[in-house]
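Source file: upload_28.cif; contents: mmCIF, C-alpha atoms.
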```cif
data_structure
loop_
_atom_site.label_atom_id
_atom_site.label_comp_id
_atom_site.auth_asym_id
_atom_site.auth_seq_id
_atom_site.Cartn_x
_atom_site.Cartn_y
_atom_site.Cartn_z
CA MET A 414 -5.26 14.32 20.41
CA SER A 415 -5.44 12.90 23.94
CA GLU A 416 -2.04 12.39 25.56
CA LYS A 417 -3.02 8.86 26.58
CA ILE A 418 -5.01 7.72 23.56
CA GLY A 419 -2.25 5.33 22.48
CA ASP A 420 -1.94 3.88 25.96
CA ASP A 421 -5.71 3.46 26.16
CA PHE A 422 -5.83 1.73 22.79
CA GLN A 423 -3.10 -0.72 23.77
CA LYS A 424 -4.83 -1.48 27.06
CA LEU A 425 -8.39 -1.77 25.79
CA THR A 426 -7.58 -4.00 22.80
CA LYS A 427 -5.70 -6.67 24.76
CA TYR A 428 -7.05 -10.20 24.52
CA LYS A 429 -8.13 -11.85 27.76
CA ARG A 430 -8.49 -15.59 28.17
CA GLY A 431 -12.08 -16.72 27.73
CA LYS A 432 -13.11 -13.49 26.01
CA VAL A 433 -11.76 -14.03 22.50
CA GLY A 434 -13.93 -14.54 19.45
CA GLY A 435 -17.66 -14.37 19.02
CA PHE A 436 -20.39 -14.75 16.44
CA LEU A 437 -19.53 -13.98 12.82
CA ASP A 438 -22.27 -12.84 10.47
CA TRP A 439 -21.08 -14.48 7.25
CA SER A 440 -23.89 -12.89 5.29
CA ASN A 441 -22.39 -9.50 6.11
CA LYS A 442 -18.72 -10.26 5.38
CA PRO A 443 -17.16 -7.34 3.44
CA LYS A 444 -15.71 -7.89 -0.03
CA ILE A 445 -11.90 -8.04 -0.09
CA TYR A 446 -11.42 -6.40 -3.50
CA LYS A 447 -12.05 -2.78 -4.37
CA GLN A 448 -12.61 -1.79 -7.98
CA TYR A 449 -13.27 1.35 -9.99
CA PRO A 450 -15.45 -0.20 -12.71
CA ASN A 451 -15.74 2.95 -14.85
CA SER A 452 -12.01 3.70 -14.99
CA LYS A 453 -9.55 3.00 -17.78
CA LYS A 454 -7.71 -0.30 -17.12
CA ILE A 455 -4.02 -0.94 -17.79
CA MET A 456 -2.98 -4.59 -17.54
CA LEU A 457 0.37 -5.23 -15.85
CA ILE A 458 3.15 -7.58 -17.03
CA PHE A 459 6.53 -7.94 -15.34
CA ASP A 460 8.47 -10.71 -17.09
CA GLU A 461 12.28 -10.56 -17.37
CA ILE A 462 12.97 -8.44 -14.30
CA LYS A 463 16.64 -8.56 -13.33
CA THR A 464 17.05 -9.04 -9.57
CA LEU A 465 19.78 -9.53 -6.97
CA SER A 466 20.24 -12.51 -4.66
CA PHE A 467 18.22 -12.50 -1.45
CA ASP A 468 21.34 -11.97 0.66
CA GLN A 469 22.41 -8.96 -1.38
CA THR A 470 18.87 -7.61 -1.37
CA ILE A 471 18.78 -7.62 2.43
CA LYS A 472 22.15 -5.86 2.56
CA ASN A 473 21.04 -3.23 0.02
CA ARG A 474 17.76 -2.28 1.69
CA LYS A 475 17.87 1.20 3.20
CA SER A 476 15.77 4.33 3.24
CA VAL A 477 16.51 6.46 0.18
CA ARG A 478 15.28 10.06 0.24
CA ASN A 479 17.03 11.51 -2.81
CA TYR A 480 16.24 10.25 -6.31
CA SER A 481 17.73 10.75 -9.74
CA GLN A 482 15.65 11.85 -12.71
CA ASN A 483 15.96 8.41 -14.36
CA PRO A 484 12.45 7.13 -15.07
CA LEU A 485 11.06 3.78 -14.07
CA ASN A 486 9.37 1.60 -16.64
CA ILE A 487 5.95 0.04 -16.40
CA LYS A 488 7.33 -3.49 -15.94
CA GLN A 489 9.25 -2.35 -12.88
CA VAL A 490 6.11 -0.74 -11.48
CA ALA A 491 4.14 -3.91 -12.20
CA TYR A 492 6.69 -6.05 -10.34
CA LEU A 493 6.71 -3.69 -7.35
CA LEU A 494 2.93 -3.79 -7.08
CA TRP A 495 2.63 -7.55 -7.50
CA SER A 496 5.50 -8.35 -5.13
CA SER A 497 4.14 -6.08 -2.41
CA THR A 498 0.54 -7.26 -2.35
CA GLY A 499 -0.35 -9.22 -5.50
CA ILE A 500 -1.91 -12.66 -5.84
CA GLN A 501 0.66 -15.43 -5.47
CA ARG A 502 -1.39 -18.60 -5.86
CA VAL A 503 -4.91 -20.01 -6.00
CA GLN A 504 -5.90 -22.96 -3.81
CA ARG A 505 -9.43 -24.33 -3.56
CA ASP A 506 -10.70 -21.27 -5.39
CA TYR A 507 -9.12 -18.93 -2.81
CA LYS A 508 -6.57 -16.37 -3.95
CA PHE A 509 -3.61 -16.03 -1.60
CA ARG A 510 -1.38 -12.97 -1.77
CA ASN A 511 2.33 -12.34 -1.35
CA VAL A 512 1.91 -11.07 2.22
CA PRO A 513 0.22 -12.43 5.35
CA SER A 514 -3.02 -10.86 6.54
CA ALA A 515 -4.95 -11.49 9.75
CA GLY A 516 -7.83 -13.81 8.91
CA ALA A 517 -6.93 -13.46 5.22
CA LEU A 518 -9.17 -10.37 5.18
CA TYR A 519 -6.72 -8.07 3.34
CA PRO A 520 -7.91 -4.62 4.47
CA ILE A 521 -5.14 -2.71 2.65
CA GLU A 522 -5.66 -1.00 -0.72
CA THR A 523 -2.86 0.39 -2.89
CA TYR A 524 -2.92 3.65 -4.83
CA LEU A 525 -0.11 4.70 -7.15
CA PHE A 526 0.96 8.20 -8.12
CA THR A 527 3.45 8.18 -10.97
CA LYS A 528 5.38 11.22 -12.10
CA ASN A 529 8.12 9.64 -14.15
CA THR A 530 7.31 6.20 -15.57
CA LYS A 531 7.81 5.24 -19.21
CA ASN A 532 4.56 4.39 -21.02
CA LEU A 533 2.45 5.47 -18.05
CA GLN A 534 0.69 8.82 -17.91
CA THR A 535 1.48 11.09 -14.96
CA GLY A 536 -1.36 10.78 -12.49
CA LEU A 537 -3.12 8.75 -9.83
CA TYR A 538 -4.06 5.07 -10.17
CA HIS A 539 -5.62 2.32 -8.07
CA TYR A 540 -4.05 -1.14 -8.09
CA ASN A 541 -6.74 -3.69 -8.93
CA ILE A 542 -5.27 -6.74 -7.20
CA GLU A 543 -7.74 -9.28 -8.52
CA SER A 544 -7.05 -8.49 -12.18
CA ASN A 545 -3.43 -7.30 -11.68
CA SER A 546 -4.17 -4.03 -13.41
CA LEU A 547 -4.05 -0.29 -12.82
CA GLU A 548 -7.26 1.73 -12.78
CA GLU A 549 -6.71 5.30 -13.92
CA LEU A 550 -8.25 7.86 -11.57
CA ILE A 551 -6.68 11.29 -12.26
CA GLN A 552 -4.32 12.53 -14.97
CA GLU A 553 -2.58 15.26 -13.01
CA ASP A 554 0.78 16.00 -11.39
CA LEU A 555 0.02 15.56 -7.70
CA SER A 556 3.63 15.61 -6.49
CA ALA A 557 3.39 19.08 -4.91
CA PRO A 558 0.22 18.46 -2.85
CA LEU A 559 1.50 15.01 -1.85
CA SER A 560 4.76 16.48 -0.58
CA LYS A 561 2.89 19.23 1.23
CA ALA A 562 0.59 16.67 2.84
CA CYS A 563 3.64 14.66 3.98
CA LEU A 564 4.75 17.46 6.31
CA ASP A 565 6.55 19.14 3.39
CA GLN A 566 8.95 16.24 2.94
CA SER A 567 10.52 16.32 -0.53
CA MET A 568 10.41 12.60 -1.36
CA PRO A 569 6.96 12.49 -3.03
CA PHE A 570 7.88 15.54 -5.12
CA ASN A 571 11.15 14.12 -6.43
CA ALA A 572 10.42 10.38 -6.69
CA PRO A 573 9.26 8.76 -9.94
CA ILE A 574 6.46 7.00 -8.06
CA THR A 575 4.69 7.21 -4.72
CA LEU A 576 2.55 4.39 -3.35
CA ILE A 577 -0.22 5.23 -0.90
CA TRP A 578 -1.68 2.48 1.24
CA THR A 579 -5.14 2.83 2.68
CA ALA A 580 -7.25 0.67 4.96
CA ILE A 581 -10.88 -0.32 4.53
CA PHE A 582 -11.42 -0.86 8.24
CA GLN A 583 -14.61 -2.90 8.15
CA ARG A 584 -12.90 -5.76 6.33
CA SER A 585 -10.99 -6.52 9.52
CA LYS A 586 -13.48 -5.15 12.07
CA TRP A 587 -16.09 -7.61 10.76
CA LYS A 588 -14.16 -10.34 12.57
CA TYR A 589 -11.79 -8.69 15.03
CA LYS A 590 -13.80 -5.66 16.22
CA GLN A 591 -11.52 -3.01 17.85
CA ARG A 592 -8.58 -5.42 17.91
CA ALA A 593 -8.65 -5.13 14.12
CA TYR A 594 -6.72 -1.89 14.14
CA ARG A 595 -3.67 -3.69 15.49
CA TYR A 596 -3.81 -6.16 12.62
CA ILE A 597 -4.45 -3.52 9.98
CA TYR A 598 -1.21 -1.71 10.77
CA LEU A 599 0.69 -4.98 10.91
CA ASP A 600 -0.70 -5.85 7.47
CA ALA A 601 0.50 -2.52 6.12
CA GLY A 602 3.96 -3.18 7.55
CA HIS A 603 4.17 -6.56 5.81
CA ILE A 604 3.30 -4.94 2.49
CA ALA A 605 5.75 -2.07 2.96
CA GLN A 606 8.62 -4.43 3.74
CA ASN A 607 7.86 -6.54 0.66
CA LEU A 608 7.90 -3.34 -1.37
CA ALA A 609 11.19 -2.18 0.15
CA LEU A 610 12.89 -5.51 -0.54
CA CYS A 611 11.47 -5.67 -4.05
CA ALA A 612 12.84 -2.19 -4.77
CA ALA A 613 16.25 -3.12 -3.38
CA THR A 614 16.50 -6.29 -5.45
CA MET A 615 15.97 -4.20 -8.61
CA GLY A 616 18.59 -1.62 -7.67
CA LEU A 617 15.99 0.93 -6.63
CA GLY A 618 15.60 2.84 -3.39
CA SER A 619 12.49 3.42 -1.31
CA CYS A 620 11.48 5.44 1.72
CA GLN A 621 8.45 4.67 3.86
CA ILE A 622 6.45 7.64 5.16
CA GLY A 623 4.26 7.51 8.25
CA ALA A 624 4.12 11.25 8.97
CA PHE A 625 1.41 13.01 6.99
CA TYR A 626 -1.74 15.06 7.34
CA ASP A 627 -4.34 12.32 7.07
CA GLN A 628 -7.23 14.32 5.69
CA GLU A 629 -5.07 16.02 3.06
CA ILE A 630 -4.00 12.64 1.68
CA ASN A 631 -7.58 11.35 1.86
CA LYS A 632 -8.78 14.39 -0.09
CA ILE A 633 -6.25 13.71 -2.85
CA LEU A 634 -7.53 10.12 -3.06
CA GLY A 635 -11.20 11.09 -2.82
CA LEU A 636 -11.73 9.11 0.42
CA ASP A 637 -13.98 9.91 3.37
CA GLY A 638 -11.31 9.09 5.96
CA LYS A 639 -13.78 6.99 7.96
CA LYS A 640 -14.69 3.89 5.99
CA GLU A 641 -11.36 4.07 4.17
CA SER A 642 -8.35 6.15 5.11
CA ALA A 643 -4.69 6.58 4.18
CA ILE A 644 -2.32 4.93 6.67
CA TYR A 645 1.11 4.69 5.01
CA LEU A 646 3.11 5.84 1.97
CA THR A 647 6.35 4.99 0.23
CA THR A 648 8.39 6.57 -2.52
CA VAL A 649 10.49 4.61 -5.03
CA GLY A 650 13.14 5.55 -7.54
CA TYR A 651 16.78 5.27 -8.56
CA PRO A 652 19.06 6.58 -5.78
CA LEU A 653 20.77 9.87 -6.54
#
```
Reformat the file's structure so that it appears as structure tokens.
Amino acid sequence: MSEKIGDDFQKLTKYKRGKVGGFLDWSNKPKIYKQYPNSKKIMLIFDEIKTLSFDQTIKNRKSVRNYSQNPLNIKQVAYLLWSSTGIQRVQRDYKFRNVPSAGALYPIETYLFTKNTKNLQTGLYHYNIESNSLEELIQEDLSAPLSKACLDQSMPFNAPITLIWTAIFQRSKWKYKQRAYRYIYLDAGHIAQNLALCAATMGLGSCQIGAFYDQEINKILGLDGKKESAIYLTTVGYPL
């Protein structure tokens, strides 16, 4: 990795007056929902979730790296997924989500690995945002390879669930070109903070992970690392 690649990126993606915008090919706009049509679907419901006040939630939010063996339940998982990046409302046939996104292009996808959730098989899932459902991808305990890929950090091995956020870059690049990468990482940050606050309000802990071997995570997810690539993770569970 070049010593100045970050500096170059920051410099070369700055906006300059009179040189912002350009032609948009609306016929080539990428779809903003990813689906696995041949997978088993699990619909998500999260009614009757007990939560704290907003003030107490803010005070309780902290990075939690050690988790008890108490399992989560599927309603808790459903609420975490919806709160972090689910559809909040529909206006004029457009579906707005619980987080802001540059140009409302929503480049971030969510994958869920669960190791200890009641009524949910251990394995890897994709969160289908449009239908608020989980799409089953792999029935396998991936906690060891996930931890290894996260620079041997123990959180993904011990946590009941790990969320992996990926980016489909062209969704944002269609409009923002190279500047899109700035917005993509901001989008991921919005989602991660929603997740962290949602976990805190339910008495759970979370820890966001930005240090990982990219291609090892992409291999676990079955991604090419070019069109779509892992960019962020978080673990969630009851604090030890």
Chain and number of each residue from the PyMOL selection byres ((chain A and resi 484) around 10), as a PyMOL selection string
chain A and resi 481-483+485-487+527-531+572-574+650-651
What do you get, as a ChimeraX atom specification, if you spell out every residue that the PyMOL selection byres ((chain A and resi 629) around 10) selects here?
/A:558-559,561-563,625-628,630-636,638,643
Can those selected residues be exported to a file as a short mmCIF file (atom, residue, chain, number, x, y, z; two decimals), in the frame of the given file so that it contains C-alpha atoms?
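This is the output file part_24.cif:
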```
data_model
loop_
_atom_site.label_atom_id
_atom_site.label_comp_id
_atom_site.auth_asym_id
_atom_site.auth_seq_id
_atom_site.Cartn_x
_atom_site.Cartn_y
_atom_site.Cartn_z
CA PRO A 558 0.22 18.46 -2.85
CA LEU A 559 1.50 15.01 -1.85
CA LYS A 561 2.89 19.23 1.23
CA ALA A 562 0.59 16.67 2.84
CA CYS A 563 3.64 14.66 3.98
CA PHE A 625 1.41 13.01 6.99
CA TYR A 626 -1.74 15.06 7.34
CA ASP A 627 -4.34 12.32 7.07
CA GLN A 628 -7.23 14.32 5.69
CA ILE A 630 -4.00 12.64 1.68
CA ASN A 631 -7.58 11.35 1.86
CA LYS A 632 -8.78 14.39 -0.09
CA ILE A 633 -6.25 13.71 -2.85
CA LEU A 634 -7.53 10.12 -3.06
CA GLY A 635 -11.20 11.09 -2.82
CA LEU A 636 -11.73 9.11 0.42
CA GLY A 638 -11.31 9.09 5.96
CA ALA A 643 -4.69 6.58 4.18
#
```
Using all atoms listed in the file, which of A:Ile622, A:Arg592, A:Glu543, A:Ala609 sits nearest Val433 of chain A?
A:Arg592
Atom CA of Gly419 of chain A to atom CA of Ser585 of chain A: how many Å, to one decimal?
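Atom CA of Ser585 of chain A lies at a distance of 19.6 Å from atom CA of Gly419 of chain A.
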When you count all atoms listed in the file, which of these residues is closest to Tyr538 of chain A: A:Ser415, A:Thr648, A:Thr575, A:Gln566?
A:Thr575
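Remark: for Lys640 of chain A, the closest of the candidate residues A:Gly499, A:Pro520, A:Pro652, A:Pro513 is A:Pro520 (distances computed over all atoms listed in the file).
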So which one's closest to His539 of chain A, A:Asp600, A:Glu461, A:Glu416, A:Glu522? Using all atoms listed in the file, please.
A:Glu522
So that I can see what lies close to Gln489 of chain A, please list as a list in words the residues with an atom at most 9 Å from it, counting all atoms listed in the file and leaving out residues fewer than 4 positions away in the same chain.
Phe459, Ile462, Leu485, Leu493, Leu494, Ala612 and Met615 of chain A
Two-atom distance - atom CA of Lys463 of chain A, atom CA of Ser514 of chain A (Å)
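Value for the atom CA of Lys463 of chain A-atom CA of Ser514 of chain A distance: 28.0 Å.
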With 10 Å as the threshold, what does the neighbourhood of (-15.5, -7.0, 10.6) contain in terms of residues, counting all atoms listed in the file? Coordinates are those of the file; answer as a CSV table (one decimal) with C-alpha atoms, keeping the file's coordinate frame.
```
chain,number,residue,atom,x,y,z
A,437,LEU,CA,-19.5,-14.0,12.8
A,438,ASP,CA,-22.3,-12.8,10.5
A,439,TRP,CA,-21.1,-14.5,7.2
A,441,ASN,CA,-22.4,-9.5,6.1
A,442,LYS,CA,-18.7,-10.3,5.4
A,443,PRO,CA,-17.2,-7.3,3.4
A,518,LEU,CA,-9.2,-10.4,5.2
A,582,PHE,CA,-11.4,-0.9,8.2
A,583,GLN,CA,-14.6,-2.9,8.2
A,584,ARG,CA,-12.9,-5.8,6.3
A,585,SER,CA,-11.0,-6.5,9.5
A,586,LYS,CA,-13.5,-5.2,12.1
A,587,TRP,CA,-16.1,-7.6,10.8
A,588,LYS,CA,-14.2,-10.3,12.6
A,589,TYR,CA,-11.8,-8.7,15.0
A,590,LYS,CA,-13.8,-5.7,16.2
A,591,GLN,CA,-11.5,-3.0,17.8
A,593,ALA,CA,-8.6,-5.1,14.1
```
Could you list the residues chosen by the PyMOL selection byres ((chain A and resi 498) around 8) in this structure as number ranges by chain?
A: 494-497, 499-500, 510-512, 542, 604, 607
re atom CA of Gly516 of chain A and atom CA of Cys620 of chain A: distance 28.2 Å
Might you pull out every residue within 8 Å of Gly623 of chain A, with all atoms listed in the file counted and same-chain residues fewer than 3 positions away left off, and present them as a ChimeraX atom specification?
/A:644-646
Prev. selection, C-alpha atoms, output as a short mmCIF file (atom, residue, chain, number, x, y, z; two decimals), in the coordinates of the input:
```
data_model
loop_
_atom_site.label_atom_id
_atom_site.label_comp_id
_atom_site.auth_asym_id
_atom_site.auth_seq_id
_atom_site.Cartn_x
_atom_site.Cartn_y
_atom_site.Cartn_z
CA ILE A 644 -2.32 4.93 6.67
CA TYR A 645 1.11 4.69 5.01
CA LEU A 646 3.11 5.84 1.97
#
```
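Each of A:Tyr594, A:Tyr428, A:Tyr492, A:Tyr519 was checked against Thr614 of chain A using only C-alpha atoms; the smallest atom-to-atom distance is that of A:Tyr492.
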Show me, as a list in words, the residues that have an atom within 8 Å of Leu555 of chain A when counting only C-alpha atoms, minus same-chain residues fewer than 6 positions from it.
Phe526, Gly536 and Leu537 of chain A
Select all residues near (-7.2, 6.8, -13.3) (cut-off 6 Å, inclusive, file coordinates), counting only C-alpha atoms, and output them as a PDB file with C-alpha atoms, in the frame of the given file.
```
ATOM      1  CA  SER A 452     -12.010   3.700 -14.990  1.00  0.00           C
ATOM      2  CA  LEU A 537      -3.120   8.750  -9.830  1.00  0.00           C
ATOM      3  CA  TYR A 538      -4.060   5.070 -10.170  1.00  0.00           C
ATOM      4  CA  GLU A 548      -7.260   1.730 -12.780  1.00  0.00           C
ATOM      5  CA  GLU A 549      -6.710   5.300 -13.920  1.00  0.00           C
ATOM      6  CA  LEU A 550      -8.250   7.860 -11.570  1.00  0.00           C
ATOM      7  CA  ILE A 551      -6.680  11.290 -12.260  1.00  0.00           C
TER       8      ILE A 551
END
```
